[in-house]
Each structure stands twice: as C-alpha cells, then as structure tokens.
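J.: Take this structure, written in structure tokens, and hold onto it; I'll ask about it next.
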Amino acid sequence: MTAAEYVDVAGILSGAFEPPKTGVGGRRSDGTRLMYAGAVNVLLGPPEAGKTLVAGAMAADELFSRGSVLWIDLDHNGAGPLLTRLRDFGVPTDVLCDPERFRLAIPEDSDSLLAVVRDQWFPTVAVVDSIGELVPMFGANSNNADEYTTVNRLVLTALARRGAGVIAIDHEAKSTDSATYGATGTMAKKRAVDGALLRVASIRPFRPGHGGAARLSIVKDRHGFLRSLCEGEREPVIADFVLEQREGAPLARFLMPTPKAAPADDVDLLAALVPPPTSQRDVQNRMQWGGTRALRALRELRERSGSSGDSDVLPCSPPLEGERGAHPGSMTEVAVSA
C-alpha cells in the first residue's frame, strides 16, 4: 500500500474541507446548480417525462458556464437529433465542434464504451443515456445488485472520480409500489448514487411548438445541500423545468418551486402571538408545530404583513416576479424546440 491510497484525514480536519455543494448541471432561476460535481447523479422518470430533454438543458447550461460536456448515447437517440437539440438550446456550433468543450460517443459494445471512459479527457459533466442500456451492454443483470455495482464502478463511478458531474438517465419502475421507491432493477441503483437522484415527473407533456413542463423532486441527496434549500417533505420539489412560448419563440427555464400555502387558521394563530414570532424555530417552540408547518405559516404571515424577516429561515421562498426568468450566464432564456 502507498500513502497515495489513503484519505488525507489531517487535511480534512484542518478546516480546509467544505461540505459538498452542487456545482454543475442546470442552473435554477435563483442561481442554484442542480447536480454535484465529481459525483454520480441520476434523472429518474417514466417514458415521455422529459428526462433526456432536462439532461440536454443541463448540458447546455454547463457549456454556457464555460464547462465541458461528454455525452454518451446508449439509448439510440442518434447524433443528429441530439446535436440539433443542443443547437436549439442556443449552444454555438463552434462550441459543439470543439473537442475540448464537447464530445459525443455512441459506443456499440462494452469495449468501445470503456475506451471512452478511460480516454485522457476530463469533462466537467458526463451525460449517460441511459442506465437501462448500460447494464446489458456488459452482459449484466439489472436486477442483480453485485452485477449492477460492478458496471456502475466501471463506468459511472470511474467518470465521477475523474472529476465529472455524471448525469445518468434511468427509467422508473412500472409498478406503483416500485415507482414510489425509484428505478427499475436492483436497489443497488439508489445506493450507488453519491450525488443527487432527481425524479422527473410530467406537468404538461412536451409538444413541438407548444412547450411543456416537468417537475424535479429529490428522491436522494447524499450530501444534503439541495434538501437544505427545501421544506421537510419526503420528496421535496427542487425545480420546475418549463418550456414555453414567448413572442413566438420557445424558452427554457429551471424555476424555483412555488411554496405550498399554509392554512389561514395557522396564520391567524401566529398573528395573535405576543410578542410576534421571530423565526421558524421560535414558531416551532411556541406552537409545538413541526418545521414544515411552522415555515409555511410564518412565510404567509410575513407576506401578509409585508415583512421579509430573517432570510435564513425561509428556504425555497418564491422569487420576485422579475426573478423568475434567466440567471446571468445560464441557458434559461435561450430559444429551444420542444
């Protein structure tokens, strides 16, 4: 064993270590990135929910942020449609033609795929579409935990260890019970995610010329940064991905979720408190409420009174009307095709 194989414990405990935060992929309207760098992230959802479309928007946003993207197409989407999609998102042709910024691979077997993974190029984002095609390519069984773990380490984990924020696309299980849990196949799929696992659910079907919308909710967040921005629900919504027509052109945006309203009775109870509540924790202590109930009621009380209060106790607060558009440097105001 060599020293290089050990974790630098002293370095971490010296104070230099910072908890991981999201740093790649799509950028929400408040500037929050939705995926972790150097980790395996997954977009999970049923067919036609918009998973590949969301991944394409995240890849475009990464290129707009001066990052680099490797796209591995295992799902038979084809080079033409994918490149057209990225150009529709506004990615310049010269960026797509620059091998230091963008590379597209369509491997036909495991050897070709491993050659791509082991190539001496280090993109900031690697999209793998999809896990459903990846595992059989190695002759492995998606329902076998050990076999899936082996393939995951060979491809997804290998890309992440080289610094890429991996965005893998996976299909949701068909049965209601399994879909509630997550992806098709072995539970090892969820365990292997060391970044964010986001469920993509259709709000409005995506149609050419009409746009559409999908909701992104957190199924798993290994580091907890995204969950820290949301209310304490089992699968909190982290963003809404929206394509819409504006002045004849479709626009794409990752929007902050709209907080759920609190019951009017709860707001009235807070309004009657003397002295007035000062924070979410103050409400929890005085009313003996859970965190989510206290947060929603306090938010509505402050909106009613016109007071912003303590910003640090209002995660996922709705943006101002003028803030629901683009964030500087993001893809959220470029024309796209639905």
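In the structure tokens, chains take the letters A, B, ... in the order shown, each chain's residues start at 1, and ligands count up from 1 in the order shown.
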What's around Asp170 (chain A) at 6 Å? Count only C-alpha atoms, leave out sequence neighbours fewer than 6 positions away in its own chain, and write the answer as a PDB file with N, CA, C and O atoms, in the first residue's frame.

T.:
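Written output follows (out-v5.pdb):
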ATOM      1  N   LEU A  44     -34.416  10.368 -12.942  1.00  0.00           N
ATOM      2  CA  LEU A  44     -35.276   9.191 -12.946  1.00  0.00           C
ATOM      3  C   LEU A  44     -36.690   9.592 -13.328  1.00  0.00           C
ATOM      4  O   LEU A  44     -37.210  10.607 -12.863  1.00  0.00           O
ATOM      5  N   SER A 130     -28.776   5.552 -21.608  1.00  0.00           N
ATOM      6  CA  SER A 130     -29.315   5.518 -20.266  1.00  0.00           C
ATOM      7  C   SER A 130     -28.760   4.300 -19.530  1.00  0.00           C
ATOM      8  O   SER A 130     -28.137   3.425 -20.133  1.00  0.00           O
ATOM      9  N   ILE A 131     -29.062   4.223 -18.224  1.00  0.00           N
ATOM     10  CA  ILE A 131     -28.634   3.089 -17.411  1.00  0.00           C
ATOM     11  C   ILE A 131     -29.299   1.807 -17.895  1.00  0.00           C
ATOM     12  O   ILE A 131     -28.714   0.722 -17.824  1.00  0.00           O
TER      13      ILE A 131
END

J.: Pull the alpha helix (DSSP H) assignments for region 110-288 of chain A out of DSSP run on the backbone, and list those residues as a ChimeraX atom specification.

T.: /A:110-117,131-137,145-152,158-161,176-181,188-192,264-271,280-287

J.: When DSSP is applied to the backbone of this structure, which of region 50-248 of chain A are assigned strand (DSSP E)? Write them out as number ranges by chain.

T.: A: 69-73, 102-105, 125-129, 165-171, 196-207, 211-221, 237-246

J.: Quick one: write out the picked residues with C-alpha atoms as a PDB file, in the first residue's frame?

T.:
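Full text of result_8.pdb as output:
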ATOM      1  CA  VAL A  69     -19.556  18.004 -21.715  1.00  0.00           C
ATOM      2  CA  LEU A  70     -19.203  14.350 -22.669  1.00  0.00           C
ATOM      3  CA  TRP A  71     -22.459  12.820 -23.920  1.00  0.00           C
ATOM      4  CA  ILE A  72     -22.614   9.018 -24.119  1.00  0.00           C
ATOM      5  CA  ASP A  73     -25.655   7.975 -26.139  1.00  0.00           C
ATOM      6  CA  PHE A 102     -17.924  18.822 -26.251  1.00  0.00           C
ATOM      7  CA  ARG A 103     -17.650  15.188 -27.291  1.00  0.00           C
ATOM      8  CA  LEU A 104     -20.366  12.754 -28.331  1.00  0.00           C
ATOM      9  CA  ALA A 105     -19.883   8.986 -28.169  1.00  0.00           C
ATOM     10  CA  VAL A 125     -20.184  16.966 -16.995  1.00  0.00           C
ATOM     11  CA  ALA A 126     -20.768  13.486 -18.418  1.00  0.00           C
ATOM     12  CA  VAL A 127     -24.282  12.509 -19.528  1.00  0.00           C
ATOM     13  CA  VAL A 128     -25.007   8.778 -19.813  1.00  0.00           C
ATOM     14  CA  ASP A 129     -28.294   7.982 -21.556  1.00  0.00           C
ATOM     15  CA  GLY A 165     -20.513  15.547 -12.609  1.00  0.00           C
ATOM     16  CA  VAL A 166     -22.224  12.453 -14.018  1.00  0.00           C
ATOM     17  CA  ILE A 167     -25.853  12.836 -15.103  1.00  0.00           C
ATOM     18  CA  ALA A 168     -27.193   9.354 -15.761  1.00  0.00           C
ATOM     19  CA  ILE A 169     -30.727   8.816 -17.042  1.00  0.00           C
ATOM     20  CA  ASP A 170     -32.783   5.926 -15.708  1.00  0.00           C
ATOM     21  CA  HIS A 171     -36.298   4.615 -16.135  1.00  0.00           C
ATOM     22  CA  ALA A 196     -28.447  13.718  -6.349  1.00  0.00           C
ATOM     23  CA  LEU A 197     -31.234  11.421  -7.541  1.00  0.00           C
ATOM     24  CA  LEU A 198     -33.999  13.584  -9.010  1.00  0.00           C
ATOM     25  CA  ARG A 199     -37.390  12.321 -10.136  1.00  0.00           C
ATOM     26  CA  VAL A 200     -38.685  13.900 -13.346  1.00  0.00           C
ATOM     27  CA  ALA A 201     -42.494  13.985 -13.497  1.00  0.00           C
ATOM     28  CA  SER A 202     -44.561  15.448 -16.300  1.00  0.00           C
ATOM     29  CA  ILE A 203     -46.681  18.505 -15.536  1.00  0.00           C
ATOM     30  CA  ARG A 204     -47.576  19.256 -19.160  1.00  0.00           C
ATOM     31  CA  PRO A 205     -46.472  16.932 -21.970  1.00  0.00           C
ATOM     32  CA  PHE A 206     -43.740  18.380 -24.169  1.00  0.00           C
ATOM     33  CA  ARG A 207     -45.037  19.088 -27.682  1.00  0.00           C
ATOM     34  CA  GLY A 211     -43.585  23.580 -24.973  1.00  0.00           C
ATOM     35  CA  GLY A 212     -44.353  21.706 -21.782  1.00  0.00           C
ATOM     36  CA  ALA A 213     -43.239  21.349 -18.196  1.00  0.00           C
ATOM     37  CA  ALA A 214     -41.739  18.782 -15.833  1.00  0.00           C
ATOM     38  CA  ARG A 215     -41.236  18.787 -12.070  1.00  0.00           C
ATOM     39  CA  LEU A 216     -37.921  17.782 -10.488  1.00  0.00           C
ATOM     40  CA  SER A 217     -38.156  16.377  -6.970  1.00  0.00           C
ATOM     41  CA  ILE A 218     -35.462  14.986  -4.696  1.00  0.00           C
ATOM     42  CA  VAL A 219     -35.504  11.211  -4.182  1.00  0.00           C
ATOM     43  CA  LYS A 220     -31.994  11.090  -2.725  1.00  0.00           C
ATOM     44  CA  ASP A 221     -29.451  13.771  -1.866  1.00  0.00           C
ATOM     45  CA  VAL A 237     -39.658  19.754  -5.312  1.00  0.00           C
ATOM     46  CA  ILE A 238     -36.332  21.404  -6.156  1.00  0.00           C
ATOM     47  CA  ALA A 239     -37.256  22.950  -9.532  1.00  0.00           C
ATOM     48  CA  ASP A 240     -39.786  23.091 -12.342  1.00  0.00           C
ATOM     49  CA  PHE A 241     -38.366  22.729 -15.838  1.00  0.00           C
ATOM     50  CA  VAL A 242     -40.521  24.775 -18.207  1.00  0.00           C
ATOM     51  CA  LEU A 243     -40.582  25.253 -21.973  1.00  0.00           C
ATOM     52  CA  GLU A 244     -42.928  27.998 -23.067  1.00  0.00           C
ATOM     53  CA  GLN A 245     -43.658  30.276 -25.996  1.00  0.00           C
ATOM     54  CA  ARG A 246     -42.709  33.906 -25.619  1.00  0.00           C
TER      55      ARG A 246
END

J.: Pick out the closest residue to Pro277 (chain A) from this set: A:Leu53, A:Ala294, A:Leu83, A:Leu34. Count only C-alpha atoms.

T.: A:Ala294

J.: May I ask for the distance between CA of Asp109 (chain A) and CA of Glu48 (chain A), given in Å to one decimal place?

T.: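 These atoms are spaced 26.1 Å apart.
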
J.: List as CSV every residue of region 10-66 of chain A that is in contact with region 252-275 of chain A, defined as an atom at most 10 Å from one of its atoms (using only C-alpha atoms), together with the nearest atom pair and the distance in Å rounded to one decimal, sorted by chain and then rising number.

T.:
residue,atom,partner,partner_atom,distance
A:Gly26,CA,A:Phe254,CA,7.2
A:Arg27,CA,A:Phe254,CA,6.6
A:Arg28,CA,A:Phe254,CA,4.7
A:Ser29,CA,A:Leu255,CA,5.1
A:Asp30,CA,A:Met256,CA,7.1
A:Gly31,CA,A:Phe254,CA,9.6
A:Thr32,CA,A:Met256,CA,9.2
A:Arg33,CA,A:Phe254,CA,9.9
A:Leu34,CA,A:Phe254,CA,9.4
A:Val54,CA,A:Phe254,CA,9.3
A:Ala57,CA,A:Ala252,CA,7.9
A:Met58,CA,A:Phe254,CA,9.5

J.: Residues as selected, N, CA, C and O atoms, written as a JSON list (two decimals), in the first residue's frame, can you do that?

T.:
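For reference, result_30.json as written:
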[["chain", "number", "residue", "atom", "x", "y", "z"],
["A", 26, "GLY", "N", -27.87, 21.96, -14.56],
["A", 26, "GLY", "CA", -28.81, 23.06, -14.74],
["A", 26, "GLY", "C", -28.71, 24.08, -13.63],
["A", 26, "GLY", "O", -28.41, 23.76, -12.49],
["A", 27, "ARG", "N", -29.01, 25.33, -13.99],
["A", 27, "ARG", "CA", -28.98, 26.43, -13.03],
["A", 27, "ARG", "C", -30.41, 26.93, -12.83],
["A", 27, "ARG", "O", -31.08, 27.36, -13.78],
["A", 28, "ARG", "N", -30.86, 26.87, -11.59],
["A", 28, "ARG", "CA", -32.21, 27.33, -11.27],
["A", 28, "ARG", "C", -32.28, 28.85, -11.37],
["A", 28, "ARG", "O", -31.27, 29.53, -11.44],
["A", 29, "SER", "N", -33.50, 29.40, -11.38],
["A", 29, "SER", "CA", -33.68, 30.84, -11.57],
["A", 29, "SER", "C", -33.04, 31.67, -10.47],
["A", 29, "SER", "O", -32.84, 32.87, -10.64],
["A", 30, "ASP", "N", -32.72, 31.07, -9.32],
["A", 30, "ASP", "CA", -32.01, 31.80, -8.27],
["A", 30, "ASP", "C", -30.51, 31.57, -8.31],
["A", 30, "ASP", "O", -29.77, 32.02, -7.44],
["A", 31, "GLY", "N", -30.03, 30.84, -9.33],
["A", 31, "GLY", "CA", -28.60, 30.57, -9.47],
["A", 31, "GLY", "C", -28.14, 29.25, -8.90],
["A", 31, "GLY", "O", -26.99, 28.86, -9.09],
["A", 32, "THR", "N", -29.00, 28.52, -8.20],
["A", 32, "THR", "CA", -28.63, 27.24, -7.61],
["A", 32, "THR", "C", -28.40, 26.19, -8.70],
["A", 32, "THR", "O", -29.25, 25.98, -9.55],
["A", 33, "ARG", "N", -27.24, 25.53, -8.66],
["A", 33, "ARG", "CA", -26.97, 24.42, -9.58],
["A", 33, "ARG", "C", -27.63, 23.17, -9.02],
["A", 33, "ARG", "O", -27.75, 22.99, -7.81],
["A", 34, "LEU", "N", -28.04, 22.27, -9.91],
["A", 34, "LEU", "CA", -28.89, 21.16, -9.51],
["A", 34, "LEU", "C", -28.18, 19.81, -9.43],
["A", 34, "LEU", "O", -28.80, 18.83, -9.05],
["A", 54, "VAL", "N", -34.39, 17.37, -20.16],
["A", 54, "VAL", "CA", -33.81, 18.03, -18.98],
["A", 54, "VAL", "C", -32.30, 17.88, -18.98],
["A", 54, "VAL", "O", -31.56, 18.84, -18.71],
["A", 57, "ALA", "N", -30.81, 20.25, -21.43],
["A", 57, "ALA", "CA", -30.78, 21.62, -20.92],
["A", 57, "ALA", "C", -29.65, 21.80, -19.91],
["A", 57, "ALA", "O", -28.98, 22.85, -19.88],
["A", 58, "MET", "N", -29.42, 20.79, -19.07],
["A", 58, "MET", "CA", -28.33, 20.87, -18.10],
["A", 58, "MET", "C", -26.97, 20.88, -18.80],
["A", 58, "MET", "O", -26.06, 21.61, -18.40]]

J.: If we count only C-alpha atoms and set the cut-off at 10 Å, which residues sit around region 137-154 of chain A, ignoring sequence neighbours fewer than 2 positions away in its own chain? Please answer as a ChimeraX atom specification.

T.: /A:40,74,107-111,113-114,117-118,131-135,156-161,184-189,191-193

J.: Smallest atom-to-atom distance to Arg222 (chain A): which of A:Gly195, A:Gly80, A:Gly11, A:Gly290, using only C-alpha atoms?

T.: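 Smallest separation from Arg222 (chain A) among the options: A:Gly195.
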